[in-house]
Amino acid sequence: MFFPHAPQASAIAQRSRRGALALVLCVVLLGGASACGGGDPEAAAVSALSRFLEAMDRTAVNEQALEEAYALVDQGARRSLTDRAEQAALVGGHTFAPWQMLAQGRFRLRFSPAERTGMRARVTGDHAIVSVTNDDGSSKADVPLVREAGQWHVQLVLPPLVRVSGNAVAPAPAPATEKR
């Protein structure tokens, strides 16, 4: 039996499947977007830290992951990494991107976070502390995050930069101390 509209029916079914797939992708992407900046601030802070750790873990095999990790650190750390890239260029005679100052492939977690309860955030305004624990609770780390432009960023604490002038290395200036 011949169905003259069968090809059209097939095309309609195919468009319906594409439409359903697009709807599912929109829901997933919108859910991810709310986890990044809006919605539940505790979940968003945990998500930002998870994305940073995942990006750093991938740096051993993917240099692009360094740039992803760099985008997830706070402004102070990005400024410091930019300063380090400039100093490295003075010493090495070669230009570096700020994210190249993150140690590619040398990142290792001291312990693995527990599967479901390994990360919990405490949020106070634009600051958060994400407490990370392992399965048996024997290891714990508190990671500070700050909300900048509506997005959570890991506060990466870097040691003071040693300044280079010409071929001489000068120590970083001592931090100002408060006299009482």
# chains A, B, ... in the order shown; residues from 1 in each chain; ligands from 1
>>> residues_around(residues="Glu54 (chain A)", least_positions_apart="5", cutoff="10 Å", atoms="only C-alpha atoms", output="list in words")
Ala48, Leu49, Thr59, Ala65, Glu68 and Ala69 of chain A
>>> write_last_selection(atoms="C-alpha atoms", output="mmCIF file, in the first residue's frame")
data_model
loop_
_atom_site.group_PDB
_atom_site.id
_atom_site.type_symbol
_atom_site.label_atom_id
_atom_site.label_comp_id
_atom_site.auth_asym_id
_atom_site.auth_seq_id
_atom_site.Cartn_x
_atom_site.Cartn_y
_atom_site.Cartn_z
ATOM 1 C CA ALA A 48 32.103 26.432 41.334
ATOM 2 C CA LEU A 49 34.619 24.574 43.505
ATOM 3 C CA THR A 59 45.288 19.938 33.132
ATOM 4 C CA ALA A 65 41.658 23.216 31.189
ATOM 5 C CA GLU A 68 39.000 27.121 32.509
ATOM 6 C CA ALA A 69 40.531 26.865 35.976
#
>>> select_by_dssp(residues="region 65-164 of chain A", states="helix (DSSP H, G or I)", output="number ranges by chain")
A: 65-71, 75-92, 98-101
>>> write_last_selection(atoms="C-alpha atoms", output="mmCIF file, in the first residue's frame")
data_model
loop_
_atom_site.group_PDB
_atom_site.id
_atom_site.type_symbol
_atom_site.label_atom_id
_atom_site.label_comp_id
_atom_site.auth_asym_id
_atom_site.auth_seq_id
_atom_site.Cartn_x
_atom_site.Cartn_y
_atom_site.Cartn_z
ATOM 1 C CA ALA A 65 41.658 23.216 31.189
ATOM 2 C CA LEU A 66 44.207 25.690 32.636
ATOM 3 C CA GLU A 67 42.250 28.566 31.112
ATOM 4 C CA GLU A 68 39.000 27.121 32.509
ATOM 5 C CA ALA A 69 40.531 26.865 35.976
ATOM 6 C CA TYR A 70 41.942 30.396 35.702
ATOM 7 C CA ALA A 71 38.447 31.738 34.948
ATOM 8 C CA GLN A 75 40.310 38.617 40.809
ATOM 9 C CA GLY A 76 43.191 38.803 43.290
ATOM 10 C CA ALA A 77 44.578 35.460 42.148
ATOM 11 C CA ARG A 78 44.114 36.407 38.481
ATOM 12 C CA ARG A 79 46.057 39.654 39.119
ATOM 13 C CA SER A 80 48.800 37.714 40.886
ATOM 14 C CA LEU A 81 49.002 35.149 38.062
ATOM 15 C CA THR A 82 49.189 38.009 35.530
ATOM 16 C CA ASP A 83 52.098 39.517 37.517
ATOM 17 C CA ARG A 84 53.810 36.132 37.540
ATOM 18 C CA ALA A 85 53.368 35.780 33.772
ATOM 19 C CA GLU A 86 54.977 39.199 33.278
ATOM 20 C CA GLN A 87 57.901 38.271 35.555
ATOM 21 C CA ALA A 88 58.333 34.915 33.780
ATOM 22 C CA ALA A 89 58.503 36.773 30.462
ATOM 23 C CA LEU A 90 61.323 38.969 31.837
ATOM 24 C CA VAL A 91 63.304 35.925 32.927
ATOM 25 C CA GLY A 92 62.498 33.597 30.051
ATOM 26 C CA PRO A 98 48.376 34.183 33.097
ATOM 27 C CA TRP A 99 46.734 30.721 33.235
ATOM 28 C CA GLN A 100 50.031 29.167 32.179
ATOM 29 C CA MET A 101 51.322 30.109 35.633
#
>>> atom_distance(atom1="CA of Val123 (chain A)", atom2="CA of Val143 (chain A)")
11.9 Å
>>> residues_around(residues="His127 (chain A)", least_positions_apart="5", cutoff="9 Å", atoms="only C-alpha atoms", output="ChimeraX atom specification")
/A:122,144-147,152
>>> closest_residue(among="A:Ala44, A:Ala128, A:Val73, A:Ala55", to="Gln155 (chain A)", atoms="only C-alpha atoms")
A:Val73
>>> residues_around(residues="Ser139 (chain A)", least_positions_apart="2", cutoff="12 Å", atoms="only C-alpha atoms", output="PyMOL selection string")
chain A and resi 109-114+118+131-137+141-142
>>> write_last_selection(atoms="C-alpha atoms", output="short mmCIF file (atom, residue, chain, number, x, y, z; two decimals), in the first residue's frame")
data_model
loop_
_atom_site.label_atom_id
_atom_site.label_comp_id
_atom_site.auth_asym_id
_atom_site.auth_seq_id
_atom_site.Cartn_x
_atom_site.Cartn_y
_atom_site.Cartn_z
CA LEU A 109 44.04 16.29 45.71
CA ARG A 110 45.23 15.30 49.18
CA PHE A 111 42.06 13.21 49.47
CA SER A 112 38.92 12.48 47.47
CA PRO A 113 35.69 14.16 48.60
CA ALA A 114 32.91 11.85 49.79
CA GLY A 118 31.80 15.55 50.59
CA SER A 131 34.10 22.33 53.63
CA VAL A 132 35.37 19.26 51.83
CA THR A 133 35.54 15.91 53.65
CA ASN A 134 36.43 12.38 52.62
CA ASP A 135 34.23 9.29 53.03
CA ASP A 136 35.18 8.47 56.62
CA GLY A 137 35.51 12.09 57.76
CA ALA A 141 39.72 21.09 53.99
CA ASP A 142 37.97 24.46 54.04
#
>>> closest_residue(among="A:Arg163, A:Lys140, A:Arg120, A:Arg108", to="Ser47 (chain A)", atoms="only C-alpha atoms")
A:Arg120
>>> residues_around(residues="Leu72 (chain A)", least_positions_apart="5", cutoff="7 Å", atoms="only C-alpha atoms", output="PyMOL selection string")
chain A and resi 52+153-154
>>> select_by_dssp(residues="region 40-154 of chain A", states="strand (DSSP E)", output="list in words")
Met119, Arg120, Ala121, Arg122, Val123, Thr124, His127, Ala128, Ile129, Val130, Ser131, Val132, Thr133, Lys140, Ala141, Asp142, Val143, Pro144, Leu145, Val146, Arg147, Glu148, Gln151, Trp152, His153 and Val154 of chain A
